[in-house]
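Heads up, coords.txt below (compact mmCIF, C-alpha atoms):
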# COMPACT_ATOMS: atom_id res chain seq x y z
CA ALA A 1 -24.31 -26.94 10.87
CA SER A 2 -26.72 -25.78 13.57
CA SER A 3 -26.95 -22.34 11.97
CA MET A 4 -27.58 -23.84 8.52
CA LYS A 5 -30.30 -26.10 9.93
CA GLU A 6 -32.06 -23.17 11.58
CA GLY A 7 -31.78 -21.08 8.41
CA ALA A 8 -33.25 -23.88 6.28
CA ARG A 9 -36.20 -24.34 8.64
CA THR A 10 -37.00 -20.68 9.26
CA GLY A 11 -35.77 -18.88 6.15
CA ILE A 12 -34.08 -16.37 8.49
CA ALA A 13 -30.30 -15.98 8.55
CA ARG A 14 -29.65 -14.83 12.11
CA TYR A 15 -26.20 -13.94 13.38
CA PHE A 16 -24.60 -17.01 14.94
CA PHE A 17 -21.98 -16.31 17.58
CA THR A 18 -18.92 -18.41 16.71
CA GLY A 19 -17.45 -18.39 20.21
CA ARG A 20 -14.30 -16.30 19.70
CA PRO A 21 -14.28 -13.78 22.57
CA PRO A 22 -11.30 -11.50 23.28
CA ALA A 23 -8.27 -13.48 24.45
CA ASN A 24 -8.27 -11.78 27.86
CA GLN A 25 -12.00 -12.17 28.57
CA HIS A 26 -13.01 -15.23 30.56
CA GLN A 27 -16.17 -17.05 29.47
CA THR A 28 -18.24 -18.40 32.34
CA TRP A 29 -19.93 -21.79 32.12
CA ARG A 30 -23.25 -19.99 31.84
CA ASP A 31 -22.00 -18.06 28.80
CA ILE A 32 -20.58 -21.25 27.30
CA TYR A 33 -23.85 -23.15 27.73
CA SER A 34 -25.92 -20.28 26.32
CA THR A 35 -23.66 -20.18 23.26
CA TYR A 36 -23.13 -23.87 22.56
CA TRP A 37 -26.19 -25.70 23.92
CA LYS A 38 -27.83 -26.09 20.53
CA SER A 39 -24.69 -26.70 18.45
CA HIS A 40 -22.70 -28.85 20.92
CA TYR A 41 -24.50 -30.05 24.05
CA GLN A 42 -27.84 -31.10 22.57
CA PRO A 43 -26.26 -33.20 19.75
CA ALA A 44 -23.76 -34.64 22.26
CA LEU A 45 -26.53 -35.84 24.58
CA ILE A 46 -28.49 -37.38 21.70
CA LEU A 47 -25.39 -39.19 20.45
CA ALA A 48 -24.44 -40.31 23.96
CA ASN A 49 -27.95 -41.66 24.53
CA ALA A 50 -27.76 -43.67 21.29
CA TYR A 51 -24.35 -45.05 22.31
CA VAL A 52 -25.64 -46.08 25.76
CA ILE A 53 -28.58 -47.92 24.19
CA TYR A 54 -26.25 -49.70 21.78
CA SER A 55 -23.87 -50.72 24.58
CA LEU A 56 -26.67 -51.99 26.82
CA LEU A 57 -28.15 -54.09 24.02
CA ALA A 58 -24.72 -55.54 23.23
CA VAL A 59 -24.14 -56.48 26.88
CA GLN A 60 -27.61 -58.00 27.19
CA ASN A 61 -27.18 -60.14 24.10
CA GLY A 62 -23.78 -61.34 25.31
CA GLY A 63 -22.09 -60.67 21.97
CA GLY A 64 -19.30 -58.37 20.95
CA LYS A 65 -19.70 -54.74 20.03
CA LEU A 66 -17.81 -52.16 18.03
CA PRO A 67 -15.66 -49.84 20.16
CA MET A 68 -16.98 -46.74 18.36
CA VAL A 69 -14.02 -44.70 19.53
CA LEU A 70 -14.81 -41.78 17.23
CA VAL A 71 -18.39 -41.65 18.47
CA VAL A 72 -17.27 -41.54 22.11
CA LEU A 73 -14.62 -38.94 21.35
CA SER A 74 -17.16 -36.85 19.45
CA PHE A 75 -19.79 -36.47 22.15
CA THR A 76 -17.11 -36.18 24.86
CA ALA A 77 -15.30 -33.43 22.94
CA TRP A 78 -18.54 -31.55 22.25
CA ILE A 79 -19.17 -31.41 26.01
CA ILE A 80 -15.73 -30.59 27.44
CA THR A 81 -13.86 -28.66 24.73
CA PRO A 82 -15.87 -25.41 25.08
CA ILE A 83 -14.82 -25.35 28.73
CA ILE A 84 -11.20 -26.46 28.24
CA PHE A 85 -10.47 -24.00 25.47
CA SER A 86 -12.23 -21.02 27.03
CA PRO A 87 -9.92 -18.14 28.01
CA PHE A 88 -8.35 -18.42 31.49
CA PRO A 89 -9.49 -21.94 32.53
CA ARG A 90 -8.03 -21.59 36.04
CA TRP A 91 -9.14 -23.54 39.10
CA ASN A 92 -10.32 -20.52 41.07
CA LEU A 93 -12.38 -19.35 38.09
CA ILE A 94 -13.76 -22.86 37.60
CA MET A 95 -15.07 -22.91 41.19
CA GLN A 96 -16.61 -19.49 40.63
CA ASP A 97 -18.18 -20.72 37.39
CA LEU A 98 -19.60 -23.76 39.20
CA ARG A 99 -21.39 -21.56 41.74
CA GLU A 100 -22.68 -19.25 39.03
CA PHE A 101 -23.80 -22.16 36.86
CA ASN A 102 -25.68 -23.68 39.80
CA GLY A 103 -27.56 -20.39 40.12
CA PHE A 104 -28.17 -20.45 36.36
CA ILE A 105 -29.76 -23.92 36.61
CA THR A 106 -31.91 -23.22 39.68
CA GLY A 107 -32.75 -19.61 38.81
CA GLY A 108 -36.35 -18.65 38.11
CA ALA A 109 -35.72 -15.64 35.88
CA GLY A 110 -38.23 -15.33 33.06
CA SER A 111 -40.74 -17.73 34.60
CA SER A 112 -43.67 -15.35 34.94
CA GLU A 113 -46.14 -14.67 32.15
CA ALA A 114 -45.30 -10.96 32.12
CA ASP A 115 -41.66 -11.76 31.32
CA ILE A 116 -42.41 -13.42 27.96
CA PRO A 117 -41.53 -10.41 25.74
CA GLU A 118 -38.23 -9.96 27.61
CA VAL A 119 -37.52 -13.70 27.39
CA VAL A 120 -37.89 -13.58 23.59
CA SER A 121 -35.64 -10.51 23.38
CA ARG A 122 -32.95 -12.00 25.62
CA GLY A 123 -33.06 -15.29 23.74
CA LYS A 124 -32.33 -13.59 20.43
CA LYS A 125 -29.47 -11.61 21.98
CA GLY A 126 -27.98 -14.61 23.79
CA THR A 127 -28.27 -12.93 27.21
CA VAL A 128 -30.55 -15.40 28.98
CA ARG A 129 -30.42 -15.39 32.77
CA SER A 130 -31.44 -18.96 33.64
CA LEU A 131 -31.71 -22.44 32.16
CA TYR A 132 -35.50 -22.11 32.19
CA GLU A 133 -35.30 -18.86 30.26
CA CYS A 134 -32.85 -20.37 27.76
CA GLY A 135 -35.19 -23.24 26.86
CA LEU A 136 -38.34 -21.12 26.88
CA ALA A 137 -36.79 -18.48 24.61
CA ASP A 138 -35.95 -21.13 22.03
CA GLU A 139 -39.45 -22.65 22.20
CA LEU A 140 -41.06 -19.23 21.78
CA CYS A 141 -38.92 -18.40 18.76
CA VAL A 142 -39.51 -21.78 17.10
CA TRP A 143 -43.26 -22.06 17.58
CA SER A 144 -44.21 -18.43 17.05
CA GLU A 145 -41.84 -17.38 14.24
CA GLN A 146 -41.21 -20.43 12.07
CA HIS A 147 -43.42 -21.03 9.06
CA LEU A 148 -46.39 -23.27 9.77
CA PHE A 149 -45.67 -25.34 6.66
CA MET A 150 -42.16 -26.19 7.88
CA LEU A 151 -43.45 -27.06 11.34
CA VAL A 152 -46.05 -29.41 9.86
CA LEU A 153 -43.48 -30.94 7.51
CA CYS A 154 -41.03 -31.63 10.35
CA PHE A 155 -43.85 -33.07 12.46
CA LEU A 156 -44.91 -35.44 9.67
CA ALA A 157 -41.31 -36.62 9.27
CA LYS A 158 -41.06 -37.31 13.01
CA ALA A 159 -44.47 -39.01 13.03
CA SER A 160 -43.30 -41.30 10.22
CA LEU A 161 -40.23 -42.17 12.27
CA GLY A 162 -42.44 -42.84 15.28
CA PHE A 163 -44.64 -45.19 13.27
CA TYR A 164 -41.52 -47.01 12.09
CA LEU A 165 -40.33 -47.39 15.68
CA LEU A 166 -43.67 -48.90 16.71
CA THR A 167 -43.40 -51.48 13.95
CA VAL A 168 -39.80 -52.57 14.57
CA LEU A 169 -39.45 -52.38 18.36
CA PRO A 170 -40.31 -55.59 20.25
CA ALA A 171 -43.45 -55.53 22.36
CA GLY A 172 -41.29 -56.45 25.36
CA ILE A 173 -39.70 -52.99 25.20
CA LEU A 174 -42.93 -51.08 24.60
CA ASP A 175 -44.51 -52.83 27.60
CA PHE A 176 -42.30 -50.70 29.86
CA MET A 177 -43.75 -47.40 28.58
CA PRO A 178 -46.78 -47.37 30.96
CA ILE A 179 -44.31 -46.83 33.81
CA PHE A 180 -43.33 -43.46 32.42
CA LEU A 181 -46.94 -42.58 31.63
CA VAL A 182 -47.76 -42.97 35.33
CA LEU A 183 -44.73 -40.87 36.27
CA LEU A 184 -45.82 -38.21 33.80
CA SER A 185 -49.21 -37.97 35.49
CA PHE A 186 -47.53 -37.47 38.88
CA SER A 187 -45.18 -34.91 37.35
CA TRP A 188 -48.09 -32.94 35.94
CA VAL A 189 -49.72 -32.81 39.37
CA VAL A 190 -46.51 -31.31 40.78
CA VAL A 191 -46.31 -28.84 37.87
CA LEU A 192 -49.87 -27.77 38.67
CA GLY A 193 -48.64 -27.10 42.19
CA TYR A 194 -45.80 -25.05 40.68
CA PHE A 195 -48.30 -22.71 39.04
CA SER A 196 -50.67 -22.72 42.04
CA ALA A 197 -47.87 -21.84 44.49
CA GLY A 198 -46.79 -18.74 42.58
CA LEU A 199 -44.08 -20.34 40.41
CA ASN A 200 -42.18 -21.88 43.31
CA ASN A 201 -39.04 -23.57 41.96
CA VAL A 202 -39.26 -26.31 44.59
CA PHE A 203 -42.21 -27.84 42.74
CA LEU A 204 -40.39 -27.58 39.42
CA VAL A 205 -37.39 -29.45 40.83
CA LEU A 206 -39.68 -32.10 42.33
CA SER A 207 -41.34 -32.61 38.94
CA PHE A 208 -37.94 -33.75 37.62
CA LEU A 209 -36.97 -35.82 40.67
CA ILE A 210 -40.14 -37.90 40.30
CA TRP A 211 -38.64 -39.55 37.23
CA ALA A 212 -35.90 -41.09 39.39
CA THR A 213 -38.55 -43.34 40.96
CA ALA A 214 -39.12 -45.27 37.72
CA VAL A 215 -37.46 -48.50 38.87
CA PRO A 216 -38.97 -48.61 42.42
CA LEU A 217 -42.43 -47.85 40.98
CA ALA A 218 -42.18 -50.32 38.10
CA HIS A 219 -43.37 -53.40 39.99
CA ARG A 220 -46.62 -51.61 40.89
CA VAL A 221 -47.31 -50.83 37.22
CA ILE A 222 -46.15 -53.88 35.26
CA GLY A 223 -45.76 -56.42 38.06
CA GLY A 224 -42.81 -58.80 38.47
CA ARG A 225 -41.77 -58.34 34.85
CA PHE A 226 -39.79 -55.22 35.80
CA ALA A 227 -37.00 -57.34 37.35
CA SER A 228 -37.24 -60.67 35.57
CA PRO A 229 -34.70 -62.25 35.88
CA ASN A 230 -33.14 -59.14 37.52
CA ALA A 231 -33.27 -55.35 37.22
CA SER A 232 -29.86 -55.04 35.55
CA THR A 233 -30.91 -57.42 32.78
CA ARG A 234 -33.98 -55.26 32.12
CA MET A 235 -31.99 -52.03 32.05
CA PRO A 236 -31.93 -51.84 28.20
CA GLU A 237 -35.75 -51.98 28.20
CA TYR A 238 -35.89 -49.11 30.69
CA VAL A 239 -33.49 -46.92 28.70
CA ILE A 240 -34.98 -47.64 25.27
CA SER A 241 -38.59 -47.33 26.42
CA LEU A 242 -37.78 -44.03 28.16
CA SER A 243 -36.16 -42.68 24.97
CA VAL A 244 -39.16 -43.75 22.90
CA PHE A 245 -41.57 -42.28 25.45
CA ILE A 246 -39.77 -38.91 25.41
CA PHE A 247 -39.87 -38.97 21.60
CA PHE A 248 -43.63 -39.56 21.49
CA LEU A 249 -44.21 -37.03 24.25
CA GLY A 250 -42.46 -34.47 22.05
CA LEU A 251 -44.74 -35.46 19.17
CA VAL A 252 -47.83 -34.86 21.32
CA LYS A 253 -46.53 -31.42 22.28
CA GLU A 254 -45.79 -30.54 18.66
CA LEU A 255 -49.25 -31.69 17.54
CA LEU A 256 -50.86 -29.54 20.23
CA LEU A 257 -48.85 -26.44 19.28
CA ILE A 258 -49.44 -26.93 15.54
CA THR A 259 -53.17 -27.26 16.23
CA CYS A 260 -53.08 -23.97 18.15
CA ARG A 261 -51.21 -22.28 15.29
CA VAL A 262 -53.83 -23.50 12.81
CA ILE A 263 -56.72 -22.36 15.02
CA PHE A 264 -55.24 -18.88 15.42
CA ALA A 265 -54.56 -18.69 11.67
CA LEU A 266 -58.24 -19.48 10.98
CA CYS A 267 -59.52 -16.81 13.39
CA PRO A 268 -59.30 -13.49 11.53
CA CYS A 269 -61.57 -11.82 14.09
CA LEU A 270 -58.80 -11.69 16.72
CA PRO A 271 -56.17 -8.92 16.54
CA GLU A 272 -52.64 -10.07 15.75
CA LYS A 273 -51.31 -8.89 19.11
CA VAL A 274 -53.92 -10.93 20.95
CA LYS A 275 -53.11 -14.01 18.87
CA ALA A 276 -49.40 -13.64 19.54
CA LYS A 277 -49.96 -13.19 23.28
CA ARG A 278 -52.27 -16.21 23.53
CA LEU A 279 -49.86 -18.34 21.50
CA HIS A 280 -46.94 -17.34 23.72
CA GLU A 281 -48.95 -18.32 26.80
CA ILE A 282 -49.75 -21.73 25.32
CA ILE A 283 -46.11 -22.29 24.36
CA ARG A 284 -45.04 -21.43 27.90
CA MET A 285 -47.56 -23.88 29.39
CA CYS A 286 -46.47 -26.67 27.00
CA PHE A 287 -42.80 -25.97 27.78
CA VAL A 288 -43.38 -26.55 31.49
CA TYR A 289 -45.77 -29.49 31.24
CA PHE A 290 -43.94 -31.37 28.49
Transcribe the structure of this file into structure tokens.
Amino acid sequence: ASSMKEGARTGIARYFFTGRPPANQHQTWRDIYSTYWKSHYQPALILANAYVIYSLLAVQNGGGKLPMVLVVLSFTAWIITPIIFSPFPRWNLIMQDLREFNGFITGGAGSSEADIPEVVSRGKKGTVRSLYECGLADELCVWSEQHLFMLVLCFLAKASLGFYLLTVLPAGILDFMPIFLVLLSFSWVVVLGYFSAGLNNVFLVLSFLIWATAVPLAHRVIGGRFASPNASTRMPEYVISLSVFIFFLGLVKELLLITCRVIFALCPCLPEKVKAKRLHEIIRMCFVYF
């Protein structure tokens, strides 16, 4: 399904690794994530987020809720089955995979501007060296190779969904979104430090940890409403508003990148290599900031 979706959007039928290595070759967690992140892990996290929102709303309203056993089994299976059914799932190899996967998450391979051509090449071959490189390679391929018409069409569909969300969501939920806007501003300051300090990963990690301060910071942004009558009762508002905020943040990023694509398309005076290089630089900046 993931391969068909990519083919429909790009018009390019790339080879899609089906995950059947030799029976005597162990797949590390890094290899598993690089292979299945788009077809298994990303849909699993989206489905799990929707299930959490549904469960929180059901608890808050005090009514019953459907068990949704198949939904829970689906996103759980998408996460764990690639690891369970990989060749040689032994405990000593699992500990080795954990250490290697930790290096994969914290690694800074492919973070410099000069590495962009190699990042694109490794992304297409499925040989990415870090989590950063994995995400950046996908962004570069999507926003530099897909047809502009398809990108605009997908953006308009998402914008229509966003408008629908604004009309149906209660104002009480949307009132929590300024919290995350303030956190985003702090995160961008730290990301600026990441670039100023020579791509130091400490700043990049801090830019993510800032989001954990949403609840302690809430009372300074929206006052006593953040815990009225208590913080646990307001938890659905936090989760839903965060999901909506991330959705609209993605829309802003897409609008910015589409605008850049249009500007470069309307500038025939620039050589194609220069356009591609400038576009890759903008995509890299948007990937880190957004």
With distances taken over all atoms listed in the file, which residue among A:Val221, A:Leu73, A:Leu209, A:Ala265 lies nearest A:Leu181? A:Val221
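Between atom CA of A:Val52 and atom CA of A:Phe287 the interatomic distance comes to 26.5 Å.
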Quick one: what's the axis-aligned box for stretch 218-223 of chain A, all listed atoms, 8 Å on every side, centre and edges in Å to one decimal, as AutoDock Vina command-line options?
--center_x -44.7 --center_y -53.4 --center_z 38.1 --size_x 21.1 --size_y 22.1 --size_z 21.6
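Residues within 12 Å of A:Pro170, counting all atoms listed in the file and excluding same-chain residues fewer than 6 positions away, are Tyr164, Phe176, Glu237, Ile240 and Ser241 of chain A.
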Across A:Ser207, A:Thr233, A:Ser144, A:Asn201, the smallest distance to A:Gly62, with all atoms listed in the file counted, is shown by A:Thr233
Shortest interatomic distance to A:Ala159 - which of A:Ile84, A:Ala171, A:Ile79, A:Leu251, counting all atoms listed in the file: A:Leu251
A:Ser39 proximity check over A:Phe75, A:Arg129, A:Gln27, A:Phe163, using only C-alpha atoms: winner is A:Phe75
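One distance worth recording is that between atom CA of A:Gly108 and atom CA of A:Trp29, which is 17.8 Å.
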Rounded to one decimal in Å, what is the spacing between atom CA of A:Pro236 and atom CA of A:Phe180? 14.8 Å
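Ranking A:Tyr132, A:Trp78, A:Phe248, A:Tyr289 by their shortest atom-to-atom distance to A:Leu161, with only C-alpha atoms included, puts A:Phe248 first.
Across A:Ile246, A:Leu174, A:Met150, A:Ile282, the tightest approach to A:Ile116 is made by A:Ile282 when counting all atoms listed in the file.
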All heavy atoms are what I want for stretch 114-125 of chain A; can you complete it accordingly and write them as a PDB file, in the coordinates of the input?
ATOM      1  N   ALA A 114     -45.620 -12.330  32.537  1.00  0.00           N
ATOM      2  CA  ALA A 114     -45.300 -10.960  32.120  1.00  0.00           C
ATOM      3  C   ALA A 114     -43.904 -10.836  31.541  1.00  0.00           C
ATOM      4  O   ALA A 114     -43.592  -9.852  30.870  1.00  0.00           O
ATOM      5  CB  ALA A 114     -45.461 -10.013  33.306  1.00  0.00           C
ATOM      6  N   ASP A 115     -43.048 -11.812  31.790  1.00  0.00           N
ATOM      7  CA  ASP A 115     -41.660 -11.760  31.320  1.00  0.00           C
ATOM      8  C   ASP A 115     -41.486 -12.281  29.893  1.00  0.00           C
ATOM      9  O   ASP A 115     -40.361 -12.276  29.379  1.00  0.00           O
ATOM     10  CB  ASP A 115     -40.748 -12.575  32.242  1.00  0.00           C
ATOM     11  CG  ASP A 115     -40.632 -11.963  33.618  1.00  0.00           C
ATOM     12  OD1 ASP A 115     -40.818 -10.737  33.731  1.00  0.00           O
ATOM     13  OD2 ASP A 115     -40.362 -12.711  34.586  1.00  0.00           O
ATOM     14  N   ILE A 116     -42.546 -12.772  29.266  1.00  0.00           N
ATOM     15  CA  ILE A 116     -42.410 -13.420  27.960  1.00  0.00           C
ATOM     16  C   ILE A 116     -41.770 -12.519  26.908  1.00  0.00           C
ATOM     17  O   ILE A 116     -40.845 -12.948  26.201  1.00  0.00           O
ATOM     18  CB  ILE A 116     -43.779 -13.951  27.480  1.00  0.00           C
ATOM     19  CG1 ILE A 116     -44.204 -15.140  28.345  1.00  0.00           C
ATOM     20  CG2 ILE A 116     -43.725 -14.363  26.010  1.00  0.00           C
ATOM     21  CD1 ILE A 116     -45.547 -15.737  27.972  1.00  0.00           C
ATOM     22  N   PRO A 117     -42.194 -11.250  26.743  1.00  0.00           N
ATOM     23  CA  PRO A 117     -41.530 -10.410  25.740  1.00  0.00           C
ATOM     24  C   PRO A 117     -40.028 -10.240  26.008  1.00  0.00           C
ATOM     25  O   PRO A 117     -39.218 -10.271  25.073  1.00  0.00           O
ATOM     26  CB  PRO A 117     -42.271  -9.068  25.858  1.00  0.00           C
ATOM     27  CG  PRO A 117     -43.604  -9.430  26.414  1.00  0.00           C
ATOM     28  CD  PRO A 117     -43.350 -10.555  27.356  1.00  0.00           C
ATOM     29  N   GLU A 118     -39.650 -10.097  27.283  1.00  0.00           N
ATOM     30  CA  GLU A 118     -38.230  -9.960  27.610  1.00  0.00           C
ATOM     31  C   GLU A 118     -37.483 -11.268  27.382  1.00  0.00           C
ATOM     32  O   GLU A 118     -36.319 -11.261  26.959  1.00  0.00           O
ATOM     33  CB  GLU A 118     -38.075  -9.524  29.066  1.00  0.00           C
ATOM     34  CG  GLU A 118     -36.635  -9.236  29.451  1.00  0.00           C
ATOM     35  CD  GLU A 118     -36.487  -8.783  30.891  1.00  0.00           C
ATOM     36  OE1 GLU A 118     -37.516  -8.713  31.598  1.00  0.00           O
ATOM     37  OE2 GLU A 118     -35.349  -8.515  31.311  1.00  0.00           O
ATOM     38  N   VAL A 119     -38.141 -12.403  27.628  1.00  0.00           N
ATOM     39  CA  VAL A 119     -37.520 -13.700  27.390  1.00  0.00           C
ATOM     40  C   VAL A 119     -37.189 -13.860  25.907  1.00  0.00           C
ATOM     41  O   VAL A 119     -36.098 -14.314  25.540  1.00  0.00           O
ATOM     42  CB  VAL A 119     -38.440 -14.840  27.866  1.00  0.00           C
ATOM     43  CG1 VAL A 119     -37.925 -16.193  27.375  1.00  0.00           C
ATOM     44  CG2 VAL A 119     -38.546 -14.840  29.378  1.00  0.00           C
ATOM     45  N   VAL A 120     -38.126 -13.485  25.038  1.00  0.00           N
ATOM     46  CA  VAL A 120     -37.890 -13.580  23.590  1.00  0.00           C
ATOM     47  C   VAL A 120     -36.732 -12.677  23.182  1.00  0.00           C
ATOM     48  O   VAL A 120     -35.852 -13.077  22.415  1.00  0.00           O
ATOM     49  CB  VAL A 120     -39.165 -13.196  22.813  1.00  0.00           C
ATOM     50  CG1 VAL A 120     -38.899 -13.179  21.311  1.00  0.00           C
ATOM     51  CG2 VAL A 120     -40.289 -14.172  23.129  1.00  0.00           C
ATOM     52  N   SER A 121     -36.706 -11.457  23.726  1.00  0.00           N
ATOM     53  CA  SER A 121     -35.640 -10.510  23.380  1.00  0.00           C
ATOM     54  C   SER A 121     -34.280 -11.007  23.860  1.00  0.00           C
ATOM     55  O   SER A 121     -33.296 -10.965  23.116  1.00  0.00           O
ATOM     56  CB  SER A 121     -35.951  -9.146  24.003  1.00  0.00           C
ATOM     57  OG  SER A 121     -34.910  -8.229  23.785  1.00  0.00           O
ATOM     58  N   ARG A 122     -34.213 -11.501  25.087  1.00  0.00           N
ATOM     59  CA  ARG A 122     -32.950 -12.000  25.620  1.00  0.00           C
ATOM     60  C   ARG A 122     -32.484 -13.255  24.882  1.00  0.00           C
ATOM     61  O   ARG A 122     -31.291 -13.462  24.681  1.00  0.00           O
ATOM     62  CB  ARG A 122     -33.083 -12.297  27.110  1.00  0.00           C
ATOM     63  CG  ARG A 122     -33.107 -11.060  27.992  1.00  0.00           C
ATOM     64  CD  ARG A 122     -33.196 -11.435  29.461  1.00  0.00           C
ATOM     65  NE  ARG A 122     -33.032 -10.276  30.329  1.00  0.00           N
ATOM     66  CZ  ARG A 122     -31.857  -9.820  30.734  1.00  0.00           C
ATOM     67  NH1 ARG A 122     -30.749 -10.445  30.363  1.00  0.00           N
ATOM     68  NH2 ARG A 122     -31.773  -8.766  31.510  1.00  0.00           N
ATOM     69  N   GLY A 123     -33.425 -14.093  24.473  1.00  0.00           N
ATOM     70  CA  GLY A 123     -33.060 -15.290  23.740  1.00  0.00           C
ATOM     71  C   GLY A 123     -32.404 -14.976  22.408  1.00  0.00           C
ATOM     72  O   GLY A 123     -31.445 -15.639  21.999  1.00  0.00           O
ATOM     73  N   LYS A 124     -32.906 -13.979  21.720  1.00  0.00           N
ATOM     74  CA  LYS A 124     -32.330 -13.590  20.430  1.00  0.00           C
ATOM     75  C   LYS A 124     -30.965 -12.929  20.591  1.00  0.00           C
ATOM     76  O   LYS A 124     -30.112 -13.024  19.705  1.00  0.00           O
ATOM     77  CB  LYS A 124     -33.284 -12.651  19.699  1.00  0.00           C
ATOM     78  CG  LYS A 124     -34.577 -13.321  19.253  1.00  0.00           C
ATOM     79  CD  LYS A 124     -35.491 -12.346  18.527  1.00  0.00           C
ATOM     80  CE  LYS A 124     -36.758 -13.043  18.050  1.00  0.00           C
ATOM     81  NZ  LYS A 124     -37.673 -12.125  17.348  1.00  0.00           N
ATOM     82  N   LYS A 125     -30.755 -12.272  21.731  1.00  0.00           N
ATOM     83  CA  LYS A 125     -29.470 -11.610  21.980  1.00  0.00           C
ATOM     84  C   LYS A 125     -28.446 -12.526  22.635  1.00  0.00           C
ATOM     85  O   LYS A 125     -27.273 -12.174  22.731  1.00  0.00           O
ATOM     86  CB  LYS A 125     -29.686 -10.380  22.873  1.00  0.00           C
ATOM     87  CG  LYS A 125     -30.535  -9.287  22.241  1.00  0.00           C
ATOM     88  CD  LYS A 125     -30.755  -8.156  23.229  1.00  0.00           C
ATOM     89  CE  LYS A 125     -31.651  -7.070  22.640  1.00  0.00           C
ATOM     90  NZ  LYS A 125     -31.920  -5.989  23.635  1.00  0.00           N
TER      91      LYS A 125
END
